[in-house]
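*Asks:* input.txt is the file, holding compact mmCIF, C-alpha atoms:
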# COMPACT_ATOMS: atom_id res chain seq x y z
CA MET A 825 45.76 22.10 58.20
CA ARG A 826 48.73 22.32 55.86
CA LEU A 827 50.38 25.76 55.60
CA ARG A 828 51.63 27.27 52.41
CA PRO A 829 55.45 27.61 52.16
CA ALA A 830 55.26 31.40 51.98
CA LEU A 831 53.14 31.49 55.13
CA MET A 832 55.55 29.14 56.94
CA ILE A 833 58.44 31.49 56.14
CA ARG A 834 56.48 34.46 57.56
CA LEU A 835 55.69 32.54 60.74
CA ALA A 836 59.39 31.71 61.16
CA VAL A 837 60.24 35.40 60.81
CA VAL A 838 57.60 36.28 63.41
CA ALA A 839 58.96 33.68 65.83
CA ALA A 840 62.39 35.14 65.47
CA ALA A 841 61.06 38.62 66.03
CA LEU A 842 59.30 37.52 69.21
CA ALA A 843 62.52 36.03 70.51
CA ALA A 844 64.31 39.34 70.03
CA PRO A 845 64.71 41.61 73.11
CA GLY A 846 61.93 44.09 73.70
CA CYS A 847 59.37 42.43 71.48
CA SER A 848 56.13 41.84 73.40
CA SER A 849 53.33 41.57 70.81
CA LEU A 850 52.50 39.84 67.59
CA PRO A 851 52.62 41.80 64.35
CA THR A 852 49.46 41.99 62.25
CA LEU A 853 49.35 38.62 60.58
CA ALA A 854 45.68 38.37 59.65
CA ALA A 855 45.97 40.78 56.78
CA ASP A 856 49.12 39.11 55.49
CA ALA A 857 47.54 35.66 55.68
CA ALA A 858 44.36 36.88 53.98
CA VAL A 859 46.36 38.26 51.12
CA ASP A 860 48.02 34.92 50.69
CA GLU A 861 44.62 33.18 50.57
CA GLY A 862 43.87 34.97 47.32
CA PRO A 863 40.78 36.96 46.28
CA ALA A 864 37.32 35.97 47.55
CA PRO A 865 35.34 33.74 45.19
CA PRO A 866 32.99 35.64 42.88
CA CYS A 867 29.36 36.03 44.02
CA GLU A 868 27.22 33.75 41.91
CA LEU A 869 23.92 35.13 43.26
CA ALA A 870 23.60 38.87 43.83
CA VAL A 871 25.64 41.60 45.51
CA CYS A 872 23.48 43.91 47.63
CA ASP A 873 24.90 46.52 50.02
CA GLY A 874 28.35 45.14 49.33
CA ARG A 875 27.62 41.58 50.34
CA CYS A 876 26.67 38.41 48.50
CA VAL A 877 23.00 37.49 49.05
CA ASP A 878 20.54 34.93 47.76
CA PRO A 879 17.60 36.95 46.35
CA GLY A 880 15.53 33.78 46.35
CA ARG A 881 15.63 33.57 50.15
CA ASP A 882 16.92 36.82 51.63
CA PRO A 883 13.97 38.74 53.19
CA ALA A 884 15.96 42.01 52.99
CA HIS A 885 16.60 41.61 49.25
CA CYS A 886 13.79 39.35 48.02
CA GLY A 887 13.92 39.02 44.27
CA ALA A 888 15.97 42.20 43.91
CA CYS A 889 18.32 44.37 45.96
CA GLY A 890 16.42 46.51 48.44
CA ARG A 891 13.09 44.72 48.00
CA ALA A 892 12.42 43.87 51.64
CA CYS A 893 9.67 41.63 53.00
CA GLY A 894 7.57 42.85 55.89
CA ALA A 895 7.62 41.51 59.43
CA GLY A 896 6.54 37.88 59.58
CA VAL A 897 6.84 37.46 55.79
CA ASP A 898 9.32 34.95 54.34
CA CYS A 899 11.21 35.21 51.07
CA VAL A 900 10.39 32.12 49.02
CA ARG A 901 11.73 31.79 45.48
CA GLY A 902 12.25 35.51 45.30
CA VAL A 903 8.69 36.33 46.37
CA CYS A 904 7.61 37.74 49.73
CA SER A 905 5.01 35.35 51.10
CA ARG A 906 3.43 34.19 54.29
CA ARG A 907 3.20 30.46 54.93
CA VAL A 908 -0.30 29.07 54.30
CA VAL A 909 -1.76 25.69 55.29
CA GLN A 910 -5.33 25.97 53.98
CA LEU A 911 -7.21 27.96 51.33
CA SER A 912 -10.91 28.58 50.75
CA ALA A 913 -12.58 30.77 48.11
CA GLU A 914 -16.11 31.59 46.99
CA LEU A 915 -17.73 34.09 44.64
CA ASN A 916 -15.24 37.01 44.70
CA HIS A 917 -13.19 36.56 47.85
CA THR A 918 -10.52 34.24 49.21
CA CYS A 919 -9.45 33.29 52.74
CA ALA A 920 -6.28 31.59 53.96
CA ARG A 921 -5.28 29.96 57.22
CA LEU A 922 -1.59 30.41 58.03
CA VAL A 923 0.89 28.20 59.87
CA ASP A 924 0.38 30.32 63.00
CA SER A 925 -3.42 29.66 62.76
CA SER A 926 -4.20 33.28 61.90
CA VAL A 927 -6.80 33.94 59.17
CA TRP A 928 -6.33 36.37 56.28
CA CYS A 929 -8.86 37.23 53.55
CA TRP A 930 -8.94 39.38 50.42
CA GLY A 931 -11.26 40.36 47.56
CA THR A 932 -14.75 41.78 47.71
CA ASN A 933 -15.80 43.16 51.09
CA GLU A 934 -19.14 44.84 50.54
CA THR A 935 -20.76 42.83 53.33
CA GLY A 936 -17.69 42.51 55.52
CA GLU A 937 -16.72 39.03 54.32
CA VAL A 938 -12.99 39.84 54.55
CA GLY A 939 -13.49 40.17 58.30
CA ASP A 940 -11.27 43.16 59.15
CA GLY A 941 -14.22 45.13 60.52
CA SER A 942 -14.59 47.44 57.54
CA LEU A 943 -17.13 47.58 54.73
CA GLU A 944 -14.78 48.91 52.10
CA SER A 945 -15.93 47.42 48.81
CA THR A 946 -12.66 45.67 48.00
CA ARG A 947 -9.56 44.44 49.77
CA PRO A 948 -7.01 43.84 46.98
CA VAL A 949 -4.34 42.53 49.38
CA PRO A 950 -4.66 39.99 52.21
CA SER A 951 -6.05 41.48 55.41
CA ARG A 952 -5.89 39.73 58.77
CA VAL A 953 -9.07 38.90 60.65
CA PRO A 954 -8.23 40.55 64.02
CA GLY A 955 -7.91 38.34 67.07
CA LEU A 956 -8.87 35.12 65.29
CA THR A 957 -6.92 31.86 65.42
CA ALA A 958 -8.49 28.89 63.71
CA SER A 959 -8.12 25.23 62.78
CA PHE A 960 -10.31 25.59 59.64
CA VAL A 961 -11.56 28.45 57.47
CA ALA A 962 -14.37 28.56 54.89
CA ALA A 963 -15.29 31.39 52.52
CA GLY A 964 -18.95 31.63 51.54
CA TRP A 965 -21.07 33.53 49.05
CA SER A 966 -20.95 36.74 51.09
CA HIS A 967 -19.82 35.63 54.52
CA SER A 968 -16.97 33.60 55.97
CA CYS A 969 -16.56 31.23 58.91
CA ALA A 970 -13.84 29.53 60.91
CA ILE A 971 -13.50 26.76 63.45
CA VAL A 972 -11.79 28.02 66.60
CA ALA A 973 -10.85 26.47 69.94
CA GLU A 974 -12.82 23.44 71.12
CA GLY A 975 -14.57 23.06 67.77
CA ARG A 976 -16.60 26.24 68.11
CA VAL A 977 -17.67 28.14 64.97
CA ARG A 978 -17.35 31.87 64.40
CA CYS A 979 -18.64 33.70 61.32
CA TRP A 980 -18.66 37.20 59.87
CA GLY A 981 -20.15 39.02 56.88
CA ALA A 982 -23.65 39.00 55.37
CA ASN A 983 -26.51 37.92 57.61
CA SER A 984 -29.42 38.46 55.20
CA THR A 985 -30.31 34.74 55.28
CA ARG A 986 -29.69 34.58 59.03
CA ALA A 987 -26.67 32.42 58.27
CA ILE A 988 -24.89 33.87 61.31
CA ALA A 989 -27.36 35.34 63.80
CA ASP A 990 -31.09 35.24 64.47
CA ASP A 991 -31.44 39.02 64.61
CA ALA A 992 -32.14 41.37 61.71
CA ARG A 993 -28.60 42.69 61.25
CA ALA A 994 -27.71 42.76 57.57
CA VAL A 995 -23.98 42.51 58.33
CA VAL A 996 -21.97 41.01 61.18
CA ARG A 997 -18.67 42.91 61.09
CA ALA A 998 -16.59 40.94 63.59
CA PRO A 999 -16.37 37.14 64.00
CA GLU A 1000 -19.35 36.01 66.05
CA GLU A 1001 -19.99 32.60 67.51
CA VAL A 1002 -22.61 30.41 65.84
CA ALA A 1003 -23.74 27.73 68.28
CA PHE A 1004 -23.84 24.21 66.88
CA PRO A 1005 -24.75 21.23 69.10
CA GLY A 1006 -21.26 19.74 69.20
CA ARG A 1007 -17.64 20.22 68.12
CA ALA A 1008 -17.21 21.10 64.45
CA VAL A 1009 -14.44 19.49 62.38
CA SER A 1010 -15.32 20.97 58.97
CA LEU A 1011 -17.53 23.67 57.44
CA ALA A 1012 -19.39 24.19 54.16
CA VAL A 1013 -20.36 27.82 53.62
CA GLY A 1014 -22.51 29.04 50.71
CA TYR A 1015 -25.69 31.02 51.23
CA GLY A 1016 -25.93 29.29 54.60
CA THR A 1017 -23.54 27.73 57.10
CA CYS A 1018 -23.21 23.96 57.51
CA ALA A 1019 -21.04 22.22 60.09
CA LEU A 1020 -19.78 18.64 60.19
CA LEU A 1021 -19.49 17.61 63.81
CA GLU A 1022 -17.00 15.15 65.26
CA ASP A 1023 -19.71 12.50 65.61
CA GLY A 1024 -20.30 12.55 61.82
CA ALA A 1025 -23.56 14.51 61.94
CA VAL A 1026 -24.26 17.55 59.74
CA TYR A 1027 -26.25 20.60 60.84
CA CYS A 1028 -27.04 23.64 58.68
CA ARG A 1029 -28.15 27.21 59.30
CA PRO A 1030 -30.59 28.22 58.01
CA GLU A 1031 -32.25 24.85 57.77
CA PHE A 1032 -33.06 23.81 54.22
CA GLY A 1033 -36.37 25.50 53.55
CA GLY A 1034 -35.22 28.84 54.92
CA ARG A 1035 -36.11 28.51 58.62
CA PRO A 1036 -33.37 30.43 60.43
CA ALA A 1037 -34.33 29.82 64.06
CA LEU A 1038 -32.51 27.48 66.41
CA PRO A 1039 -32.37 24.72 67.47
CA TYR A 1040 -31.00 23.02 64.39
CA LEU A 1041 -32.22 19.72 63.07
CA ARG A 1042 -29.72 16.91 62.49
CA TRP A 1043 -29.68 16.72 58.68
CA THR A 1044 -27.78 13.50 58.15
CA ASP A 1045 -25.16 11.22 59.74
CA HIS A 1046 -22.03 9.15 59.02
CA VAL A 1047 -20.46 11.98 57.01
CA VAL A 1048 -16.72 12.31 56.32
CA ALA A 1049 -16.68 15.28 53.88
CA MET A 1050 -18.92 18.05 52.52
CA ALA A 1051 -19.09 20.09 49.31
CA ASN A 1052 -21.43 23.02 48.80
CA GLY A 1053 -22.64 25.19 45.96
CA TRP A 1054 -24.45 28.47 46.29
CA GLY A 1055 -27.65 26.96 47.62
CA HIS A 1056 -27.09 23.22 47.82
CA LEU A 1057 -24.99 20.84 49.88
CA CYS A 1058 -23.74 17.37 49.05
CA VAL A 1059 -22.01 15.15 51.59
CA LEU A 1060 -19.85 12.04 51.38
CA HIS A 1061 -20.77 9.27 53.81
CA ASP A 1062 -18.31 6.86 55.37
CA ASP A 1063 -19.57 4.06 53.10
CA GLY A 1064 -18.84 6.02 49.90
CA ALA A 1065 -22.44 7.08 49.28
CA VAL A 1066 -23.48 10.68 48.58
CA SER A 1067 -26.49 12.69 49.79
CA CYS A 1068 -27.62 16.14 48.66
CA GLY A 1069 -30.09 18.80 49.78
CA GLY A 1070 -31.01 22.45 49.30
CA ARG A 1071 -31.60 24.08 45.91
CA ARG A 1072 -32.19 21.65 43.11
CA GLY A 1073 -33.32 23.57 40.03
CA PHE A 1074 -30.39 22.39 37.85
CA GLY A 1075 -30.12 18.75 38.80
CA GLN A 1076 -27.81 19.29 41.76
CA PHE A 1077 -29.32 16.28 43.55
CA GLY A 1078 -28.64 13.87 40.70
CA ASP A 1079 -31.83 11.96 41.43
CA GLY A 1080 -33.32 12.32 37.94
CA ASP A 1081 -36.38 14.24 39.12
CA THR A 1082 -36.99 16.99 36.56
CA ALA A 1083 -40.50 17.77 37.79
CA LEU A 1084 -39.11 19.88 40.60
CA ALA A 1085 -36.79 21.92 38.42
CA GLY A 1086 -36.88 25.53 39.50
CA MET A 1087 -38.07 24.86 43.03
CA ASP A 1088 -36.14 26.80 45.60
CA TYR A 1089 -35.33 24.34 48.37
CA VAL A 1090 -35.91 20.66 49.02
CA PRO A 1091 -34.52 19.63 52.41
CA GLY A 1092 -33.43 16.12 51.45
CA PRO A 1093 -31.15 14.34 52.01
CA VAL A 1094 -31.51 12.79 48.53
CA ARG A 1095 -29.19 10.16 47.00
CA PRO A 1096 -27.97 10.61 43.40
CA VAL A 1097 -29.09 7.79 41.11
CA GLY A 1098 -26.51 5.42 39.64
CA LEU A 1099 -23.50 6.98 41.34
CA PRO A 1100 -20.92 4.35 42.37
CA ARG A 1101 -19.13 4.49 45.69
CA VAL A 1102 -16.78 7.48 45.70
CA VAL A 1103 -13.87 8.72 47.77
CA ALA A 1104 -13.88 12.46 47.00
CA LEU A 1105 -16.49 15.10 46.29
CA ALA A 1106 -16.42 18.65 44.88
CA ALA A 1107 -19.20 21.13 44.13
CA GLY A 1108 -19.69 24.16 41.90
CA PRO A 1109 -22.46 26.76 42.17
CA ASP A 1110 -25.10 24.40 40.71
CA ASN A 1111 -23.27 21.17 39.94
CA ASN A 1112 -21.13 18.45 41.50
CA CYS A 1113 -18.35 16.04 40.58
CA ALA A 1114 -17.07 12.98 42.46
CA ARG A 1115 -14.03 10.70 42.16
CA THR A 1116 -13.94 6.96 42.68
CA ALA A 1117 -11.07 5.02 44.23
CA GLU A 1118 -10.11 3.84 40.73
CA GLY A 1119 -9.81 7.43 39.51
CA ALA A 1120 -13.03 7.75 37.51
CA VAL A 1121 -14.85 11.11 37.61
CA TRP A 1122 -18.66 11.42 37.66
CA CYS A 1123 -20.51 14.76 37.35
CA TRP A 1124 -24.11 15.98 37.50
CA GLY A 1125 -26.10 19.22 37.62
CA ASN A 1126 -25.70 22.31 35.49
CA SER A 1127 -22.52 20.86 34.03
CA HIS A 1128 -19.54 22.83 32.75
CA LEU A 1129 -18.72 19.88 30.52
CA ARG A 1130 -20.91 21.13 27.68
CA ARG A 1131 -22.06 24.54 26.56
CA GLY A 1132 -25.73 25.51 26.66
CA ALA A 1133 -26.89 21.96 27.30
CA GLU A 1134 -29.69 20.79 29.53
CA PRO A 1135 -28.64 19.97 33.10
CA ILE A 1136 -27.34 16.49 33.73
CA TRP A 1137 -30.11 15.07 35.92
CA THR A 1138 -28.29 11.93 36.99
CA PRO A 1139 -24.53 11.41 37.37
CA VAL A 1140 -22.57 10.61 34.21
CA ARG A 1141 -19.01 9.39 33.95
CA VAL A 1142 -16.51 11.74 32.29
CA GLU A 1143 -15.12 9.22 29.82
CA ALA A 1144 -12.11 11.33 28.89
CA LEU A 1145 -10.78 11.17 32.44
CA SER A 1146 -9.27 8.13 34.13
CA GLY A 1147 -6.72 7.48 36.82
CA VAL A 1148 -7.57 10.81 38.47
CA ARG A 1149 -5.78 11.20 41.78
CA GLU A 1150 -7.17 14.54 42.96
CA LEU A 1151 -10.28 16.62 42.30
CA TRP A 1152 -11.03 20.25 43.17
CA SER A 1153 -13.78 22.74 42.31
CA ARG A 1154 -13.02 26.31 41.26
CA GLY A 1155 -16.55 27.67 41.07
CA HIS A 1156 -17.40 27.63 37.36
CA GLY A 1157 -15.19 24.67 36.63
CA TYR A 1158 -12.96 21.94 38.02
CA PHE A 1159 -9.32 20.92 38.37
CA VAL A 1160 -8.01 17.36 38.46
CA ARG A 1161 -4.61 15.71 38.64
CA ASP A 1162 -4.35 12.62 36.47
CA ALA A 1163 -2.26 9.46 36.87
CA SER A 1164 0.74 11.08 35.17
CA GLY A 1165 0.67 14.00 37.61
CA THR A 1166 -0.61 16.46 34.99
CA LEU A 1167 -2.88 19.25 36.22
CA LEU A 1168 -6.00 19.51 34.04
CA SER A 1169 -8.92 21.93 34.11
CA TRP A 1170 -12.19 22.76 32.38
CA GLY A 1171 -15.15 25.13 32.62
CA ASP A 1172 -16.07 28.76 31.99
CA ASN A 1173 -12.94 30.74 31.18
CA VAL A 1174 -14.02 34.31 30.51
CA ALA A 1175 -11.44 35.60 33.00
CA GLY A 1176 -8.81 32.89 32.62
CA GLY A 1177 -9.90 30.77 35.58
CA VAL A 1178 -9.13 27.52 33.73
CA GLY A 1179 -5.46 28.37 34.08
CA ASP A 1180 -4.42 27.63 30.49
CA GLY A 1181 -3.37 31.21 29.81
CA THR A 1182 -6.40 31.94 27.59
CA THR A 1183 -9.97 33.19 27.94
CA VAL A 1184 -11.43 30.43 25.75
CA ASP A 1185 -14.13 28.35 27.48
CA ARG A 1186 -13.07 24.73 27.86
CA TRP A 1187 -15.77 22.06 27.76
CA SER A 1188 -13.32 19.21 28.15
CA ALA A 1189 -10.26 18.93 30.36
CA VAL A 1190 -7.11 20.67 29.09
CA PRO A 1191 -3.69 21.07 30.71
CA ALA A 1192 -3.51 24.06 33.05
CA SER A 1193 -0.45 25.23 31.15
CA ALA A 1194 -0.24 28.66 32.81
CA LEU A 1195 0.66 26.80 36.00
CA ASP A 1196 3.39 24.65 34.42
CA ALA A 1197 6.13 26.19 36.56
CA VAL A 1198 4.42 25.09 39.79
CA ALA A 1199 1.88 22.47 38.66
CA ARG A 1200 3.69 19.53 40.25
CA GLU A 1201 3.73 21.35 43.58
CA VAL A 1202 0.00 22.15 43.76
CA VAL A 1203 -1.44 20.68 46.96
CA SER A 1204 -4.97 22.07 46.60
CA VAL A 1205 -7.05 24.50 44.53
CA ALA A 1206 -9.82 26.80 45.78
CA GLY A 1207 -11.87 28.95 43.47
CA GLY A 1208 -14.62 31.54 43.32
CA ILE A 1209 -16.89 32.30 40.41
CA ASP A 1210 -14.10 33.29 37.98
CA HIS A 1211 -10.85 33.17 39.95
CA ALA A 1212 -8.79 30.47 41.58
CA CYS A 1213 -5.89 30.09 43.99
CA ALA A 1214 -3.52 27.17 44.48
CA LEU A 1215 -1.67 26.18 47.63
CA LEU A 1216 1.81 24.86 46.86
CA SER A 1217 3.92 22.33 48.74
CA ASP A 1218 6.22 25.12 50.00
CA GLN A 1219 3.14 26.69 51.66
CA THR A 1220 2.98 29.64 49.29
CA VAL A 1221 -0.03 30.66 47.20
CA ARG A 1222 -0.58 31.50 43.54
CA CYS A 1223 -3.82 33.10 42.25
CA TRP A 1224 -5.19 33.87 38.78
CA GLY A 1225 -8.40 34.70 36.90
CA SER A 1226 -10.84 37.54 37.53
CA ASN A 1227 -9.48 40.38 39.65
CA VAL A 1228 -12.26 42.95 39.32
CA ARG A 1229 -12.82 42.78 43.08
CA GLY A 1230 -9.21 42.24 44.10
CA GLN A 1231 -9.70 38.51 44.57
CA VAL A 1232 -6.25 37.65 43.17
CA GLY A 1233 -4.75 39.73 45.99
CA VAL A 1234 -2.01 41.50 44.05
CA GLY A 1235 -2.78 45.00 45.33
CA SER A 1236 -4.67 46.29 42.29
CA LEU A 1237 -7.95 45.75 40.45
CA GLY A 1238 -8.19 44.53 36.89
CA ALA A 1239 -10.27 42.48 34.50
CA ARG A 1240 -8.13 39.36 34.65
CA VAL A 1241 -4.78 37.84 35.60
CA LEU A 1242 -3.85 35.05 33.18
CA SER A 1243 -0.56 33.97 34.79
CA PRO A 1244 -0.58 32.84 38.43
CA GLU A 1245 0.74 35.48 40.83
CA SER A 1246 1.52 35.53 44.52
CA PRO A 1247 -0.74 37.71 46.70
CA ARG A 1248 1.01 40.81 48.07
CA TRP A 1249 1.43 40.01 51.73
Output the structure of this file as structure tokens.
*Replies:*
Amino acid sequence: MRLRPALMIRLAVVAAALAAPGCSSLPTLAADAAVDEGPAPPCELAVCDGRCVDPGRDPAHCGACGRACGAGVDCVRGVCSRRVVQLSAELNHTCARLVDSSVWCWGTNETGEVGDGSLESTRPVPSRVPGLTASFVAAGWSHSCAIVAEGRVRCWGANSTRAIADDARAVVRAPEEVAFPGRAVSLAVGYGTCALLEDGAVYCRPEFGGRPALPYLRWTDHVVAMANGWGHLCVLHDDGAVSCGGRRGFGQFGDGDTALAGMDYVPGPVRPVGLPRVVALAAGPDNNCARTAEGAVWCWGNSHLRRGAEPIWTPVRVEALSGVRELWSRGHGYFVRDASGTLLSWGDNVAGGVGDGTTVDRWSAVPASALDAVAREVVSVAGGIDHACALLSDQTVRCWGSNVRGQVGVGSLGARVLSPESPRW
């Protein structure tokens, strides 16, 4: 380290002083040297409590001086947020699985679907499901489920369809084990509870047709993914084929059979007609879309591609979409990412769920422009009937759309949130 001339002169003086009789200690040099170093560089971020901080990352001053994040909450881009690895949403509530495997839910809670043991009608901020650690979480119509240790399934919330227990309880307040005949690796939760087991078999409760009692029947095999609506289930087989069962009144099966329109349940499994081999599957309340390896999108059922039209009884290709890399359902609509990386959306938009910053229904895919600031970082989208949440690559969450039941998670209730916001952790 090279010393400044002025500092060298001072050191020489000090050395001389030390050599003088009776001198046994060094004078205070630190202050002198600091003065010579000049003033501290200006703070280019923010000065809080007399020190320079980064409000984008400082949990004690997150986004603004004095705005502190709670215990276990990180400051990410100036927003207090917990780190999330999986999202699931249905109807009017949302659940998230965090990096520590804990499960948090928010939104409507009239039947205990948030899982905190209460029956308060809404939970407008995320609430932890006590004592639960999970490898997968799934939000349903009015109940929720998770996969816990050793592939076991635990559920909580409404039990009116006996989706959780065989007894007559209307509500199961705390997570309760639902016995499936094997280890579960994925769940599809709508009116009922369906589990994909590690051997590729799918079992559902109640069985299609409404029989709630155990034991379950093996519904189908060789399954790699599931997608459910509010009363139907479609699965993707390992050969790229699709099978569907459950409610079929709006063409959800895609088999072209209009004679059974309006019937409650048909067990299936039934194969959609004319659908090519696909690699991804998504489902809305009464419709489905699938993506091929080449990026084509095919949809069928009570489609949100056209207003007031008859159901699409067999799968049709969405000609306006090509090169699609990702496909997600958001309840009354869909999101896709195209070959250019653009995030597109369509469907009912009364509460802004499309994510384009408007409440205009979109019957063809439009850019989700309200998400422009984070669109490239969206890893997945999960949506209820009129709201949606996106998981970003930094493991934070943004939600938008209807918030009448607190499903956006921002701590208040309101008709709609048109710009994506982070839940208030």
*Asks:* Can you work out which one of A:Arg1115, A:Arg986, A:Arg978, A:His967 has the shortest atom-to-atom distance to Ser1146 (chain A), counting all atoms listed in the file?
*Replies:*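 Under the stated criterion, the closest residue is A:Arg1115.
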*Asks:* For Val909 (chain A), please output as a list in words all residues within 6 Å (counting all atoms listed in the file; exclusion window: fewer than 5 positions along the same chain).
*Replies:*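 Within the cut-off, the hits are Arg921, Leu922 and Val923 of chain A.
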*Asks:* Go through A:Leu1084, A:Pro1135, A:Gly1230, A:Ala1144 and flag the residue nearest Asn933 (chain A), using only C-alpha atoms for the distances.
*Replies:*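 Of all the options, A:Gly1230 lies closest to Asn933 (chain A).
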*Asks:* Under the rule that all atoms listed in the file are counted, which of A:Glu1201, A:Glu1001, A:Asp1062, A:Asp990 is the nearest residue to Ala1104 (chain A)?
*Replies:* A:Asp1062
*Asks:* Which residue is closest to Ser1217 (chain A)? Choose from A:Val1013, A:Ala1085, A:Val1232, A:Val900 and count all atoms listed in the file.
*Replies:*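 Checking each of A:Val1013, A:Ala1085, A:Val1232, A:Val900 against Ser1217 (chain A), counting all atoms listed in the file, the winner is A:Val900.
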*Asks:* For CA of Gly1179 (chain A) and CA of Cys1223 (chain A), quote the distance in Å rounded to one decimal.
*Replies:* 9.6 Å
*Asks:* Need the shell around Arg976 (chain A): protein/DNA/RNA residues with any atom at most 7 Å away, counting only C-alpha atoms. Skip same-chain ones fewer than 5 positions apart. Format as number ranges by chain?
*Replies:* A: 971, 1007-1008
*Asks:* Suppose we keep C-alpha atoms; can you now write the selection as a short mmCIF file (atom, residue, chain, number, x, y, z; two decimals), in the coordinates of the input?
*Replies:*
data_model
loop_
_atom_site.label_atom_id
_atom_site.label_comp_id
_atom_site.auth_asym_id
_atom_site.auth_seq_id
_atom_site.Cartn_x
_atom_site.Cartn_y
_atom_site.Cartn_z
CA ILE A 971 -13.50 26.76 63.45
CA ARG A 1007 -17.64 20.22 68.12
CA ALA A 1008 -17.21 21.10 64.45
#
*Asks:* So, with all atoms listed in the file as the atoms that count, which of A:Arg1029, A:Arg947, A:His1211, A:His1156 lies closest to Val977 (chain A)?
*Replies:*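 Checking each candidate against Val977 (chain A), we get A:Arg1029 as the closest.
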*Asks:* Could you list, as a ChimeraX atom specification, every residue within 7 Å of Arg1186 (chain A), counting all atoms listed in the file and ignoring same-chain residues fewer than 5 positions away?
*Replies:* /A:1170-1173
*Asks:* Could you tell me which of A:Leu1021, A:Cys893, A:Val938, A:Ala1194 comes closest to Arg1229 (chain A) if we count all atoms listed in the file?
*Replies:* A:Val938
*Asks:* Just the residues within 7 Å of Val1142 (chain A), please, counting all atoms listed in the file, with nothing from its chain fewer than 3 positions along; format it as a list in words.
*Replies:*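 Skipping anything fewer than 3 positions along the chain leaves Val1121, Trp1122 and Leu1145 of chain A.
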*Asks:* One decimal, Å: what's the distance from CA of Val996 (chain A) over to CA of Trp1054 (chain A), could you say?
*Replies:* 19.6 Å
*Asks:* Take CA of Asp1196 (chain A) and CA of Gly1157 (chain A) and report the distance between them in Å, one decimal.
*Replies:*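 Interatomic distance here is 18.7 Å.
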*Asks:* Every residue with an atom at most 9 Å from (-3.5, 33.4, 31.0) (file coordinates; all atoms listed in the file) is what I'm after, so could you write them as a short mmCIF file (atom, residue, chain, number, x, y, z; two decimals) with C-alpha atoms, in the frame of the given file?
*Replies:*
data_model
loop_
_atom_site.label_atom_id
_atom_site.label_comp_id
_atom_site.auth_asym_id
_atom_site.auth_seq_id
_atom_site.Cartn_x
_atom_site.Cartn_y
_atom_site.Cartn_z
CA ALA A 1175 -11.44 35.60 33.00
CA GLY A 1176 -8.81 32.89 32.62
CA GLY A 1177 -9.90 30.77 35.58
CA VAL A 1178 -9.13 27.52 33.73
CA GLY A 1179 -5.46 28.37 34.08
CA ASP A 1180 -4.42 27.63 30.49
CA GLY A 1181 -3.37 31.21 29.81
CA THR A 1182 -6.40 31.94 27.59
CA THR A 1183 -9.97 33.19 27.94
CA SER A 1193 -0.45 25.23 31.15
CA ALA A 1194 -0.24 28.66 32.81
CA TRP A 1224 -5.19 33.87 38.78
CA GLY A 1225 -8.40 34.70 36.90
CA ARG A 1240 -8.13 39.36 34.65
CA VAL A 1241 -4.78 37.84 35.60
CA LEU A 1242 -3.85 35.05 33.18
CA SER A 1243 -0.56 33.97 34.79
CA PRO A 1244 -0.58 32.84 38.43
#
*Asks:* How would you write as an mmCIF file with C-alpha atoms, in the coordinates of the input the residues that get within 12 Å of (-26.5, 10.8, 41.1) in the file's frame, counting all atoms listed in the file?
*Replies:*
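File written: out_35.cif
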data_model
loop_
_atom_site.group_PDB
_atom_site.id
_atom_site.type_symbol
_atom_site.label_atom_id
_atom_site.label_comp_id
_atom_site.auth_asym_id
_atom_site.auth_seq_id
_atom_site.Cartn_x
_atom_site.Cartn_y
_atom_site.Cartn_z
ATOM 1 C CA CYS A 1058 -23.740 17.370 49.050
ATOM 2 C CA ALA A 1065 -22.440 7.080 49.280
ATOM 3 C CA VAL A 1066 -23.480 10.680 48.580
ATOM 4 C CA SER A 1067 -26.490 12.690 49.790
ATOM 5 C CA CYS A 1068 -27.620 16.140 48.660
ATOM 6 C CA GLY A 1075 -30.120 18.750 38.800
ATOM 7 C CA GLN A 1076 -27.810 19.290 41.760
ATOM 8 C CA PHE A 1077 -29.320 16.280 43.550
ATOM 9 C CA GLY A 1078 -28.640 13.870 40.700
ATOM 10 C CA ASP A 1079 -31.830 11.960 41.430
ATOM 11 C CA GLY A 1080 -33.320 12.320 37.940
ATOM 12 C CA ASP A 1081 -36.380 14.240 39.120
ATOM 13 C CA VAL A 1094 -31.510 12.790 48.530
ATOM 14 C CA ARG A 1095 -29.190 10.160 47.000
ATOM 15 C CA PRO A 1096 -27.970 10.610 43.400
ATOM 16 C CA VAL A 1097 -29.090 7.790 41.110
ATOM 17 C CA GLY A 1098 -26.510 5.420 39.640
ATOM 18 C CA LEU A 1099 -23.500 6.980 41.340
ATOM 19 C CA PRO A 1100 -20.920 4.350 42.370
ATOM 20 C CA ARG A 1101 -19.130 4.490 45.690
ATOM 21 C CA VAL A 1102 -16.780 7.480 45.700
ATOM 22 C CA ASN A 1111 -23.270 21.170 39.940
ATOM 23 C CA ASN A 1112 -21.130 18.450 41.500
ATOM 24 C CA CYS A 1113 -18.350 16.040 40.580
ATOM 25 C CA ALA A 1114 -17.070 12.980 42.460
ATOM 26 C CA TRP A 1122 -18.660 11.420 37.660
ATOM 27 C CA CYS A 1123 -20.510 14.760 37.350
ATOM 28 C CA TRP A 1124 -24.110 15.980 37.500
ATOM 29 C CA GLY A 1125 -26.100 19.220 37.620
ATOM 30 C CA ILE A 1136 -27.340 16.490 33.730
ATOM 31 C CA TRP A 1137 -30.110 15.070 35.920
ATOM 32 C CA THR A 1138 -28.290 11.930 36.990
ATOM 33 C CA PRO A 1139 -24.530 11.410 37.370
ATOM 34 C CA VAL A 1140 -22.570 10.610 34.210
ATOM 35 C CA ARG A 1141 -19.010 9.390 33.950
#
